[in-house]
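Visitor: Structure incoming, see below.
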Amino acid sequence: MKDEQVENRVVTLHGMGWSIRRIALELRISRKRIRRILVSQSVLIDTTPEERIRHKRRRASKLDPYKSYIGDLLERYPDITGQRVYDHLKEKEFDGEITIVRDYLKRIRLVGSKTPVRMVETAPGQRAAHDWSDYNIQFTENEPGELTPVTFFSYILGYSRRQYISLVENKKQETLFRELIAAFIYMDGVPREIKSDNQKACVDRWEPGRAVFNRKYLAFATWYRFSPQTSTPGNPTENLKVERPFSYLKQNFLKGRKFRDIEDLKDQLRNWLTGVNDVRIHGTTKKKPIDLYMEEHPYLQPLPANHYDTSHVTHLTVNQESCVQWKQYQYVVPQKYIYEVCPVRITGKELIVYSPYGEQLVTHPLAQKGQKDRYVGVHQKTGKKPCLSISDVESRLEAFSPEMNGYIKQVKRYKQHSWGYHLRRLLALKANYHIDDIMLAVRRAQQYRVYEAGDIEGFLKNNSEPRYSVRLSFKPKNDNGYEQQR
């Protein structure tokens with residue numbers, strides 16, 4: 001241990017002419033120590049500060065020929081990772097290791113301080129996490145500066161850090177279920193817990209001390225036998241195992257790559273997941289995710305015999321074109337169901353229409369995004385515009401209530417030339433209003449001797465809530481079946 005007071009006395013006594021032996025006896029220290037002190041002090045006294053620093057000879061580096069190229073990469077992609085820089089250098093026949101690339105980047109970059117966080121490690125097969133992330137991508141087929149927004153879904157196993165990532169069109173609950181199922185298949189198993197943030201697809205609200213999960217999400221979790229977990233509001237660091245990999249996706253995959261279009265982005269993502277992300281050395285575990293996944297796989301729960309039904313079920317009105325409308329496209333339905341409200345089930349690839357009694361009528365593939373033809377399916381060739389016969393219209397109206405039979409007779413009596421028009425228009429109100437409300441309006445019309453379908457519709461508009469936003473309009477027909485001008 002260095003003692004400045006001893007050093008001072010050694011140098012002072014030696015300057016007074018004392019021998020090393022005498023100094024050793026006086027201070028009770030060894031003669032070797034005295035010699036070391038005298039030598040070191042003479043060096044410090046007899047040399048300048050610049051001469052005391054030993055200059056290292058700089059050796060040539062394998063990275064020297066590529067430093068200008070690295071500078072170009074950093075100028076184009078300021079946040080590019082060392083791994084991506086190394087990948088680019090390998091394409092330029094660089095034969096060095098990634099270590100010197102990372103060391104060089106540390107020297108030329110300004111690295112800010114980081115706040116330490118505590119990462120909770122979980123047992124194999126215990127937990128996974130999922131989340132969304134939005135980015136703007138410049139596709140080469142688009143004009144420069146024309147960015148396309150895309151959304152990534154990420155699912156990661158907590159123990160092995162193996163990931164499933166895909167592109168999605170939206171963040172709806174049906175999409176979440178579909179992507180989770182794809183992730184379960186990709187990983188060939190289900191963990192005992194799955195953690196998410198407080199997205200509406202999973203959490204309805206927070207009550208003191210606990211989250212109230214969405215009922216459908218709970219049903220989905222029960223189907224696959226996992227316990228849903230969520231992070232506490234205001235504590236984003238609780239879900240770092242899925243948040244941090246998004247940063248790696250941005251820096252290592254999106255930065256420094258070019259994509260022709262959305263399909264090219266998907267193809268490159270699939271190759272990157274297996275060719276890079278699975279086999280890299282993870283910064284925390286210091287092992288390859290694919291190697292740890294082989295350890296974790298036996299602990300995952302097996303997949304069920306049948307997967308959860310993620311299709312969307314709704315009720316749509318068959319319009320005057322004998323079609324149901326879904327997302328601006330018309331899907332053809334048999335003509336006998338015009339004006340009927342039919343159950344419709346939409347899957348990821350198909351649209352299935354059922355009769356009001358639950359019988360499957362027709363199955364259509366979903367229209368592709370950007371498809372020019374707005375009709376899906378082929379109309380029945382009858383030689384004329386699809387239309388219900390007037391007898392069918394009457395029978396459907398009479399099914400509303402026994403009272404309707406008397407009102408139909410009155411309409412025929414007082415509207416001899418246009419009664420068909422009024423009955424068709426009255427039936428069309430079923431698409432927008434409940435039958436009970438329609439009958440209430442009909443009773444009022446009988447009371448005041450009103451036989452115009454337009455007046456009944458006006459009463460409904462002012463006094464009842466429509467059950468569907470789509471409103472159908474019809475032109476009257478005379479006895480010969482031709483449209484009549486009013």
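Identifiers in this document derive from the order of the structure tokens: chains are assigned A, B, ..., residues are numbered from 1 separately in each chain, and ligands are numbered from 1 in order of occurrence.
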Excluding stretch 392-403 of chain A and any residue of its chain fewer than 4 positions from it, enumerate the residues within 12 Å of it, using only C-alpha atoms, and give them as a PyMOL selection string.
Guide: chain A and resi 335-340+387-388+407-412+419-430+434-440+442-443+446
Visitor: Keeping only C-alpha atoms, write those residues as a JSON list (two decimals), in the first residue's frame.
Guide:
[["chain", "number", "residue", "atom", "x", "y", "z"],
["A", 335, "GLN", "CA", -83.09, -14.62, -54.53],
["A", 336, "LYS", "CA", -85.76, -16.15, -52.30],
["A", 337, "TYR", "CA", -84.07, -14.49, -49.28],
["A", 338, "ILE", "CA", -84.36, -10.88, -50.54],
["A", 339, "TYR", "CA", -85.17, -8.50, -47.64],
["A", 340, "GLU", "CA", -84.46, -11.25, -45.08],
["A", 387, "CYS", "CA", -87.36, -9.49, -57.22],
["A", 388, "LEU", "CA", -89.80, -11.17, -54.88],
["A", 407, "TYR", "CA", -104.21, -3.71, -43.32],
["A", 408, "ILE", "CA", -103.09, -5.35, -46.59],
["A", 409, "LYS", "CA", -106.73, -5.49, -47.75],
["A", 410, "GLN", "CA", -107.19, -1.81, -46.91],
["A", 411, "VAL", "CA", -104.03, -0.82, -48.82],
["A", 412, "LYS", "CA", -105.30, -2.75, -51.89],
["A", 419, "TRP", "CA", -100.59, -1.11, -53.59],
["A", 420, "GLY", "CA", -97.73, -3.40, -54.71],
["A", 421, "TYR", "CA", -95.22, -0.60, -54.24],
["A", 422, "HIS", "CA", -96.46, 0.21, -50.75],
["A", 423, "LEU", "CA", -96.45, -3.42, -49.62],
["A", 424, "ARG", "CA", -92.90, -3.96, -50.92],
["A", 425, "ARG", "CA", -91.72, -0.80, -49.20],
["A", 426, "LEU", "CA", -93.48, -1.83, -45.99],
["A", 427, "LEU", "CA", -91.69, -5.20, -46.08],
["A", 428, "ALA", "CA", -88.37, -3.44, -46.68],
["A", 429, "LEU", "CA", -88.75, -1.67, -43.32],
["A", 430, "LYS", "CA", -87.97, -5.03, -41.70],
["A", 434, "HIS", "CA", -87.93, -4.35, -35.37],
["A", 435, "ILE", "CA", -91.21, -6.04, -36.29],
["A", 436, "ASP", "CA", -92.84, -4.86, -33.03],
["A", 437, "ASP", "CA", -92.10, -1.24, -33.95],
["A", 438, "ILE", "CA", -93.42, -1.75, -37.48],
["A", 439, "MET", "CA", -96.70, -3.20, -36.14],
["A", 440, "LEU", "CA", -97.05, -0.27, -33.75],
["A", 442, "VAL", "CA", -99.24, 0.01, -38.76],
["A", 443, "ARG", "CA", -101.84, 0.15, -35.94],
["A", 446, "GLN", "CA", -105.05, 2.04, -39.43]]
Visitor: Could you list, as a VMD selection string, every residue within 12 Å of stretch 78-80 of chain A, counting only C-alpha atoms and ignoring same-chain residues fewer than 5 positions away?
Guide: chain A and resid 70 to 73 85 to 88 102 105 108 to 111 247 to 257
Visitor: For the residues selected in the previous step, produce a file with N, CA and C atoms as an mmCIF file, in the first residue's frame.
Guide:
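The result, written out as result08.cif:
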data_model
loop_
_atom_site.group_PDB
_atom_site.id
_atom_site.type_symbol
_atom_site.label_atom_id
_atom_site.label_comp_id
_atom_site.auth_asym_id
_atom_site.auth_seq_id
_atom_site.Cartn_x
_atom_site.Cartn_y
_atom_site.Cartn_z
ATOM 1 N N ILE A 70 -18.698 1.946 -43.434
ATOM 2 C CA ILE A 70 -19.457 1.982 -42.184
ATOM 3 C C ILE A 70 -19.992 3.378 -41.935
ATOM 4 N N GLY A 71 -19.170 4.393 -42.244
ATOM 5 C CA GLY A 71 -19.634 5.773 -42.096
ATOM 6 C C GLY A 71 -20.850 6.061 -42.954
ATOM 7 N N ASP A 72 -20.874 5.524 -44.186
ATOM 8 C CA ASP A 72 -22.036 5.705 -45.060
ATOM 9 C C ASP A 72 -23.276 5.033 -44.475
ATOM 10 N N LEU A 73 -23.090 3.832 -43.914
ATOM 11 C CA LEU A 73 -24.223 3.129 -43.311
ATOM 12 C C LEU A 73 -24.792 3.909 -42.130
ATOM 13 N N VAL A 85 -24.585 -4.057 -39.290
ATOM 14 C CA VAL A 85 -23.359 -3.566 -39.936
ATOM 15 C C VAL A 85 -22.460 -4.741 -40.303
ATOM 16 N N TYR A 86 -22.349 -5.692 -39.389
ATOM 17 C CA TYR A 86 -21.522 -6.880 -39.647
ATOM 18 C C TYR A 86 -22.061 -7.681 -40.831
ATOM 19 N N ASP A 87 -23.402 -7.800 -40.933
ATOM 20 C CA ASP A 87 -24.007 -8.511 -42.069
ATOM 21 C C ASP A 87 -23.643 -7.840 -43.386
ATOM 22 N N HIS A 88 -23.695 -6.497 -43.405
ATOM 23 C CA HIS A 88 -23.334 -5.769 -44.627
ATOM 24 C C HIS A 88 -21.853 -5.966 -44.964
ATOM 25 N N ARG A 102 -18.237 -4.133 -33.272
ATOM 26 C CA ARG A 102 -18.937 -3.521 -32.146
ATOM 27 C C ARG A 102 -18.033 -2.558 -31.380
ATOM 28 N N LEU A 105 -17.787 0.650 -33.348
ATOM 29 C CA LEU A 105 -19.008 1.448 -33.268
ATOM 30 C C LEU A 105 -19.131 2.144 -31.922
ATOM 31 N N ILE A 108 -16.943 5.367 -31.980
ATOM 32 C CA ILE A 108 -17.345 6.489 -32.836
ATOM 33 C C ILE A 108 -18.756 6.990 -32.523
ATOM 34 N N ARG A 109 -19.492 6.243 -31.706
ATOM 35 C CA ARG A 109 -20.829 6.676 -31.336
ATOM 36 C C ARG A 109 -20.821 7.256 -29.928
ATOM 37 N N LEU A 110 -21.806 8.139 -29.675
ATOM 38 C CA LEU A 110 -22.000 8.657 -28.320
ATOM 39 C C LEU A 110 -23.048 7.787 -27.652
ATOM 40 N N VAL A 111 -22.647 7.005 -26.666
ATOM 41 C CA VAL A 111 -23.549 6.093 -25.987
ATOM 42 C C VAL A 111 -24.030 6.722 -24.701
ATOM 43 N N SER A 247 -37.520 -3.405 -30.441
ATOM 44 C CA SER A 247 -36.376 -2.553 -30.754
ATOM 45 C C SER A 247 -35.352 -3.324 -31.578
ATOM 46 N N TYR A 248 -35.143 -4.597 -31.225
ATOM 47 C CA TYR A 248 -34.202 -5.428 -31.997
ATOM 48 C C TYR A 248 -34.732 -5.661 -33.414
ATOM 49 N N LEU A 249 -36.061 -5.853 -33.541
ATOM 50 C CA LEU A 249 -36.667 -6.011 -34.866
ATOM 51 C C LEU A 249 -36.419 -4.776 -35.718
ATOM 52 N N LYS A 250 -36.597 -3.607 -35.126
ATOM 53 C CA LYS A 250 -36.399 -2.357 -35.868
ATOM 54 C C LYS A 250 -34.948 -2.181 -36.286
ATOM 55 N N GLN A 251 -34.022 -2.404 -35.331
ATOM 56 C CA GLN A 251 -32.618 -2.135 -35.609
ATOM 57 C C GLN A 251 -31.990 -3.217 -36.494
ATOM 58 N N ASN A 252 -32.350 -4.470 -36.262
ATOM 59 C CA ASN A 252 -31.660 -5.558 -36.943
ATOM 60 C C ASN A 252 -32.351 -6.018 -38.210
ATOM 61 N N PHE A 253 -33.666 -5.829 -38.288
ATOM 62 C CA PHE A 253 -34.389 -6.298 -39.476
ATOM 63 C C PHE A 253 -34.817 -5.155 -40.391
ATOM 64 N N LEU A 254 -35.483 -4.144 -39.842
ATOM 65 C CA LEU A 254 -36.015 -3.078 -40.685
ATOM 66 C C LEU A 254 -34.933 -2.119 -41.170
ATOM 67 N N LYS A 255 -33.957 -1.817 -40.305
ATOM 68 C CA LYS A 255 -32.888 -0.908 -40.701
ATOM 69 C C LYS A 255 -31.927 -1.597 -41.663
ATOM 70 N N GLY A 256 -31.553 -0.883 -42.709
ATOM 71 C CA GLY A 256 -30.566 -1.404 -43.644
ATOM 72 C C GLY A 256 -31.102 -2.429 -44.621
ATOM 73 N N ARG A 257 -32.420 -2.564 -44.736
ATOM 74 C CA ARG A 257 -33.019 -3.486 -45.709
ATOM 75 C C ARG A 257 -33.991 -2.735 -46.610
#
Visitor: What's the 7 Å shell around A:Tyr135, counting only C-alpha atoms, without same-chain residues fewer than 4 positions away, as a VMD selection string?
Guide: chain A and resid 149 to 151
Visitor: Keeping C-alpha atoms, export the residues of the selection given above as a CSV table (one decimal), in the first residue's frame.
Guide:
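selection.csv, written as the output of this step:
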chain,number,residue,atom,x,y,z
A,149,PRO,CA,-48.0,2.1,-42.2
A,150,VAL,CA,-47.7,-1.6,-41.1
A,151,THR,CA,-48.4,-3.3,-37.8
Visitor: I need the helix (DSSP H, G or I) residues of stretch 439-471 of chain A per DSSP on the backbone, written as a PyMOL selection string.
Guide: chain A and resi 439-447+453-463
Visitor: Just list as number ranges by chain whatever in stretch 134-319 of chain A DSSP marks as strand (DSSP E).
Guide: A: 134-138, 147-157, 163-168, 193-196, 203-207, 210-213, 227-230, 312-317
Visitor: Pick the closest to A:Ile185 from A:Asn306, A:Phe259, A:Pro228, A:Trp326: which is it, counting only C-alpha atoms?
Guide: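 Selected residue with least distance to A:Ile185: A:Asn306.
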Visitor: Name the residues in contact with A:Glu295 at a cut-off of 10 Å, using only C-alpha atoms, excluding same-chain residues fewer than 3 positions from it; report them as a PyMOL selection string.
Guide: chain A and resi 124-125+159-160+289-292+298-299
Visitor: Store the residues picked out above, limited to N, CA and C atoms, as a JSON list (two decimals), in the first residue's frame.
Guide:
[["chain", "number", "residue", "atom", "x", "y", "z"],
["A", 124, "PRO", "N", -39.15, -22.79, -17.61],
["A", 124, "PRO", "CA", -39.52, -23.26, -18.96],
["A", 124, "PRO", "C", -41.02, -23.57, -19.04],
["A", 125, "GLY", "N", -41.66, -23.07, -20.09],
["A", 125, "GLY", "CA", -43.07, -23.34, -20.32],
["A", 125, "GLY", "C", -44.01, -22.58, -19.42],
["A", 159, "TYR", "N", -38.84, -18.01, -21.33],
["A", 159, "TYR", "CA", -37.61, -18.70, -20.94],
["A", 159, "TYR", "C", -36.59, -18.73, -22.08],
["A", 160, "SER", "N", -37.01, -19.18, -23.25],
["A", 160, "SER", "CA", -36.06, -19.35, -24.36],
["A", 160, "SER", "C", -35.86, -18.08, -25.17],
["A", 289, "PRO", "N", -31.67, -18.62, -28.93],
["A", 289, "PRO", "CA", -33.07, -18.91, -28.58],
["A", 289, "PRO", "C", -33.52, -20.29, -29.03],
["A", 290, "ILE", "N", -33.06, -20.75, -30.19],
["A", 290, "ILE", "CA", -33.50, -22.05, -30.68],
["A", 290, "ILE", "C", -32.99, -23.18, -29.79],
["A", 291, "ASP", "N", -31.79, -23.00, -29.21],
["A", 291, "ASP", "CA", -31.25, -24.03, -28.31],
["A", 291, "ASP", "C", -32.04, -24.08, -27.01],
["A", 292, "LEU", "N", -32.37, -22.91, -26.45],
["A", 292, "LEU", "CA", -33.17, -22.88, -25.23],
["A", 292, "LEU", "C", -34.60, -23.35, -25.49],
["A", 298, "PRO", "N", -40.54, -29.36, -24.14],
["A", 298, "PRO", "CA", -41.24, -30.42, -23.38],
["A", 298, "PRO", "C", -42.14, -29.90, -22.27],
["A", 299, "TYR", "N", -41.93, -28.66, -21.82],
["A", 299, "TYR", "CA", -42.72, -28.11, -20.73],
["A", 299, "TYR", "C", -43.96, -27.37, -21.22]]
Visitor: So, counting only C-alpha atoms, which residue among A:Ile98, A:Lys195, A:Leu38, A:Arg260 is closest to A:Gly82?
Guide: A:Ile98
Visitor: Which residue gives the smallest distance to A:Thr12 among A:Ala441, A:Ile34, A:Gly370, A:Asn319, with only C-alpha atoms counted?
Guide: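 Among the listed residues, the smallest separation from A:Thr12 belongs to A:Ile34.
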